[in-house]
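Undergrad: Sharing a structure below in structure tokens format, with a few things to ask.
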Amino acid sequence: MLRAIRGEDVERPPIWMMRQAGRYMKVYQDLCKKHTTFRERSETVDLAVEISLQPYEAFKPDGVILFSDILTPLQGMNIPFDIVKGTGPIIFNPVREMDDIKSITPLEPEKSVPFVGESLKVLRNEIGNEATLLGFCGAPFTLASYIVEGGTSSHYKVIKKMAFDSPAVYEALMNKLTDAVIEYTRYQADSGAQVVQIFDSWASEFSPADFEVYCLPYLQRIVAECKQTHPHVPLILYSSGSAGFLERLATTNADVISLDGTIDMADARARLGMDQAVQGNMDPLHLFASQDFITKKVHETIAKAGNKKHVMNLGHGVMVGTPEENVGHFFKTVRDFRY
């Protein structure tokens, strides 16, 4: 994966899947019966390592991503939360005013989330050079959307109104979150992550022009400041629904732009140029189809991406209920491919 991202010659594209550790796997479902809360599973080193390695042992992907959540670092910033089965994230004290923002503390990950670093160190030791170890974090706007809305949202009215009508409050929150994301990204790299993916999952709730004002400067600062201290750790930037602001995403200087299913791979390559590494972007629903269909879609995606700077992935996280034998076929088809 590292060679492909750098643009070196590789015999095939590297492959991993977003959400590859977790709910679609029977071994994970069995583990959940004993360890019933998400936070226990993701914040206990032995469990996080075991879950992260389950898909590696089953499918041998080229990337192993830490089993965690984008909200995990919030506990180190005086933002209490929980992740409730069937409901999702709940922020107990949504942030709405400047006084709320003043109560947010700087993130010191080695003190508040040491299990993240410990899990990464164990994983790096386990996989050695057989696969690339990925860490990840949420981008400032996506984190802010949960913190301000109080959980998941359908229209993001509260956070967007804050951005439009209370710019000083919005900027103060975004700057604090940007500082935390930089710190957290560096911490993961120092703990063994060889690549870090930044998820700005909800950035497409903004129009492209608004994205440029309310998201882009913070993403640019994250990449610039992480590159100052960790120039050799590639950063992948993912935003679902990003076809409308793809070129703007590239101005972050992220090493890899991860594409979702709203854009054709060939169009993305034409718009971004072949020097920009890309990731993706098969539809997760393709993995519910026949294995012949999966093979066809894999080959189409690789053909459109070309033989340089492409990391094979889905355009979104693998879905609950995806047949494991089809996931296995997806990985094997890419592993067997040769340019």
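Letters for chains follow the order of the structure tokens (A, B, ...), residue numbers begin at 1 for each chain, and ligand numbers begin at 1 in the order shown.
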For segment 45-59 of chain A, find every residue with an atom within 7 Å (counting only C-alpha atoms), except residues of its own chain fewer than 5 positions away, and show them as number ranges by chain.

TA: A: 20-22, 28, 64-67, 115, 118-119, 123, 328, 331

Undergrad: Using DSSP assignments from the backbone, pull out every residue in segment 200-233 of chain A that falls under helix (DSSP H, G or I) and give it to me as a list in words.

TA: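 For segment 200-233 of chain A, the helix (DSSP H, G or I) set is Ala203, Ser204, Glu205, Pro208, Ala209, Asp210, Phe211, Glu212, Val213, Tyr214, Leu216, Pro217, Tyr218, Leu219, Gln220, Arg221, Ile222, Val223, Ala224, Glu225, Cys226, Lys227, Gln228 and Thr229 of chain A.
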
Undergrad: Find, counting only C-alpha atoms, the residue in A:Arg41, A:Lys85, A:Lys161, A:His310 that gets nearest to Glu8 of chain A.

TA: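 Nearest to Glu8 of chain A: A:His310.
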
Undergrad: When you look at segment 172-182 of chain A with a cut-off of 7 Å (counting only C-alpha atoms), what residues show up, excluding the ones that are within fewer than 5 positions of it in the same chain? I need them as a list in words.

TA: Ile101, Pro106, Leu107, Cys137, Ala139, Pro140, Phe141, Tyr218, Ile222 and Cys226 of chain A

Undergrad: Could you write out that same residue set with C-alpha atoms as a short mmCIF file (atom, residue, chain, number, x, y, z; two decimals), in the first residue's frame?

TA:
data_model
loop_
_atom_site.label_atom_id
_atom_site.label_comp_id
_atom_site.auth_asym_id
_atom_site.auth_seq_id
_atom_site.Cartn_x
_atom_site.Cartn_y
_atom_site.Cartn_z
CA ILE A 101 -16.49 25.70 23.93
CA PRO A 106 -6.91 20.16 24.90
CA LEU A 107 -6.51 16.53 23.90
CA CYS A 137 -9.83 10.06 12.99
CA ALA A 139 -12.41 15.58 10.64
CA PRO A 140 -13.34 18.75 12.55
CA PHE A 141 -16.69 19.41 10.89
CA TYR A 218 -9.33 23.27 8.77
CA ILE A 222 -4.44 19.38 9.54
CA CYS A 226 0.90 16.80 10.29
#

Undergrad: For the structure I just gave you, how does DSSP split segment 62-187 of chain A - specifically, which residues are strand (DSSP E or B)? Reply as a list in words.

TA: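 Filtering segment 62-187 of chain A down to strand (DSSP E or B) leaves Gly63, Val64, Ile65, Phe81, Asp82, Ile83, Val84, Gly88, Pro89, Ile90, Ile91, Thr132, Leu133, Leu134, Gly135, Phe136, Cys137, Gly138 and Gly151 of chain A.
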
Undergrad: Do you have the atom CA of Phe288 of chain A-atom CA of Thr37 of chain A distance handy?

TA: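 Value for the atom CA of Phe288 of chain A-atom CA of Thr37 of chain A distance: 27.7 Å.
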
Undergrad: I'd like the neighbourhood of Thr185 of chain A as a ChimeraX atom specification, where a residue qualifies if any of its atoms comes within 12 Å (using only C-alpha atoms), though same-chain residues fewer than 3 positions away should be ignored.

TA: /A:70,73,107-109,116-117,134-139,178-182,188-199,222-223,225-227,229-230,233-236

Undergrad: Store the residues of this selection in a file with N, CA and C atoms, as a compact mmCIF listing (two decimals), in the first residue's frame.

TA:
# COMPACT_ATOMS: atom_id res chain seq x y z
N ILE A 70 -14.66 7.34 15.50
CA ILE A 70 -14.18 8.72 15.35
C ILE A 70 -14.42 9.56 16.60
N PRO A 73 -11.72 10.08 20.80
CA PRO A 73 -10.92 11.09 21.51
C PRO A 73 -11.72 12.13 22.28
N LEU A 107 -6.65 17.98 23.90
CA LEU A 107 -6.51 16.53 23.90
C LEU A 107 -5.07 16.13 24.20
N GLU A 108 -4.90 15.26 25.20
CA GLU A 108 -3.61 14.63 25.48
C GLU A 108 -3.82 13.12 25.37
N PRO A 109 -3.72 12.59 24.15
CA PRO A 109 -4.15 11.21 23.91
C PRO A 109 -3.43 10.16 24.74
N VAL A 116 -5.63 3.43 22.64
CA VAL A 116 -5.48 3.58 21.18
C VAL A 116 -4.02 3.32 20.79
N GLY A 117 -3.11 4.01 21.46
CA GLY A 117 -1.69 3.82 21.16
C GLY A 117 -1.21 2.41 21.47
N LEU A 134 -3.28 1.00 9.56
CA LEU A 134 -3.97 2.28 9.42
C LEU A 134 -4.59 2.72 10.75
N GLY A 135 -4.39 3.98 11.07
CA GLY A 135 -5.18 4.63 12.10
C GLY A 135 -6.22 5.51 11.42
N PHE A 136 -7.09 6.12 12.21
CA PHE A 136 -8.06 7.03 11.60
C PHE A 136 -8.60 8.01 12.63
N CYS A 137 -9.21 9.06 12.11
CA CYS A 137 -9.83 10.06 12.99
C CYS A 137 -10.95 10.74 12.22
N GLY A 138 -11.82 11.39 12.96
CA GLY A 138 -12.86 12.21 12.35
C GLY A 138 -12.30 13.59 12.04
N ALA A 139 -12.80 14.21 10.98
CA ALA A 139 -12.41 15.58 10.64
C ALA A 139 -13.19 16.57 11.52
N THR A 178 -9.68 21.09 15.42
CA THR A 178 -8.55 20.93 14.50
C THR A 178 -7.27 20.65 15.28
N ASP A 179 -7.04 21.40 16.36
CA ASP A 179 -5.87 21.14 17.21
C ASP A 179 -5.88 19.69 17.71
N ALA A 180 -7.07 19.22 18.12
CA ALA A 180 -7.18 17.85 18.66
C ALA A 180 -6.92 16.81 17.58
N VAL A 181 -7.45 17.03 16.38
CA VAL A 181 -7.25 16.07 15.29
C VAL A 181 -5.77 15.99 14.91
N ILE A 182 -5.09 17.11 14.88
CA ILE A 182 -3.65 17.11 14.59
C ILE A 182 -2.91 16.31 15.66
N GLN A 188 -1.26 8.72 16.77
CA GLN A 188 -1.43 7.41 16.13
C GLN A 188 -0.20 7.05 15.30
N ALA A 189 0.35 8.04 14.60
CA ALA A 189 1.56 7.77 13.81
C ALA A 189 2.73 7.38 14.72
N ASP A 190 2.87 8.09 15.84
CA ASP A 190 3.94 7.76 16.78
C ASP A 190 3.76 6.38 17.41
N SER A 191 2.50 5.91 17.44
CA SER A 191 2.20 4.61 18.05
C SER A 191 2.28 3.45 17.06
N GLY A 192 2.58 3.74 15.79
CA GLY A 192 2.76 2.67 14.83
C GLY A 192 1.90 2.72 13.59
N ALA A 193 0.91 3.64 13.55
CA ALA A 193 0.09 3.75 12.33
C ALA A 193 0.96 4.24 11.19
N GLN A 194 0.92 3.52 10.06
CA GLN A 194 1.74 3.87 8.90
C GLN A 194 1.00 4.77 7.92
N VAL A 195 -0.34 4.78 8.03
CA VAL A 195 -1.22 5.63 7.24
C VAL A 195 -2.34 6.05 8.19
N VAL A 196 -2.85 7.28 8.04
CA VAL A 196 -4.01 7.70 8.83
C VAL A 196 -5.08 8.21 7.88
N GLN A 197 -6.30 7.68 8.04
CA GLN A 197 -7.43 8.15 7.23
C GLN A 197 -8.26 9.13 8.04
N ILE A 198 -8.57 10.26 7.41
CA ILE A 198 -9.40 11.30 8.03
C ILE A 198 -10.78 11.23 7.39
N PHE A 199 -11.78 11.03 8.24
CA PHE A 199 -13.17 10.90 7.76
C PHE A 199 -13.90 12.23 7.94
N ILE A 222 -4.78 20.72 9.01
CA ILE A 222 -4.44 19.38 9.54
C ILE A 222 -3.34 18.75 8.69
N VAL A 223 -3.52 18.75 7.38
CA VAL A 223 -2.53 18.12 6.50
C VAL A 223 -1.20 18.84 6.62
N GLU A 225 0.09 20.74 9.03
CA GLU A 225 0.79 20.61 10.31
C GLU A 225 1.23 19.17 10.58
N CYS A 226 0.46 18.19 10.13
CA CYS A 226 0.90 16.80 10.29
C CYS A 226 2.09 16.50 9.39
N LYS A 227 2.12 17.11 8.22
CA LYS A 227 3.24 16.89 7.30
C LYS A 227 4.53 17.52 7.84
N THR A 229 5.56 17.48 10.90
CA THR A 229 6.18 16.58 11.89
C THR A 229 6.30 15.14 11.40
N HIS A 230 5.40 14.71 10.51
CA HIS A 230 5.37 13.32 10.04
C HIS A 230 5.26 13.28 8.51
N VAL A 233 4.24 9.91 6.65
CA VAL A 233 3.01 9.17 6.99
C VAL A 233 1.89 9.66 6.07
N PRO A 234 1.47 8.85 5.09
CA PRO A 234 0.42 9.30 4.17
C PRO A 234 -0.91 9.53 4.89
N LEU A 235 -1.61 10.55 4.44
CA LEU A 235 -2.94 10.87 4.96
C LEU A 235 -3.96 10.62 3.84
N ILE A 236 -5.00 9.87 4.17
CA ILE A 236 -6.11 9.61 3.25
C ILE A 236 -7.27 10.48 3.71

Undergrad: Pick the closest to Ala268 of chain A from A:Ser240, A:Asn253, A:Leu133, A:Ala305: which is it, counting only C-alpha atoms?

TA: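 Once distances to Ala268 of chain A are computed over only C-alpha atoms, the minimum belongs to A:Ala305.
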
Undergrad: Between A:Asp30, A:Asp100, A:Asp255, A:Glu300, which is the closest to Ile5 of chain A once you count only C-alpha atoms?

TA: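 The closest residue to Ile5 of chain A is A:Asp255.
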
Undergrad: Can you tell me, as a PyMOL selection string, what residues are no more than 10 Å from Tyr170 of chain A when counting only C-alpha atoms, ignoring any on the same chain fewer than 4 positions away?

TA: chain A and resi 96-98+101+141+144+148+159-166+174-175+214

Undergrad: For Ser258 of chain A, list every protein, DNA or RNA residue within 8 Å, evaluated using only C-alpha atoms, and leave out those in the same chain fewer than 6 positions away; present the list as a VMD selection string.

TA: chain A and resid 236 to 239 278 to 281 315

Undergrad: Taking only C-alpha atoms into account, which of A:Leu2, A:Leu120, A:Ile294, A:Val158 comes nearest Pro94 of chain A?

TA: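 Closest to Pro94 of chain A of all the choices is A:Val158.
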
Undergrad: Atom CA of Gly306 of chain A to atom CA of Ala254 of chain A: how many Å, to one decimal?

TA: 19.6 Å

Undergrad: Closest to Val113 of chain A among A:Phe81, A:Thr44, A:His155, A:Phe92, using only C-alpha atoms?

TA: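 Looking only at the distances to Val113 of chain A, the closest residue turns out to be A:Thr44.
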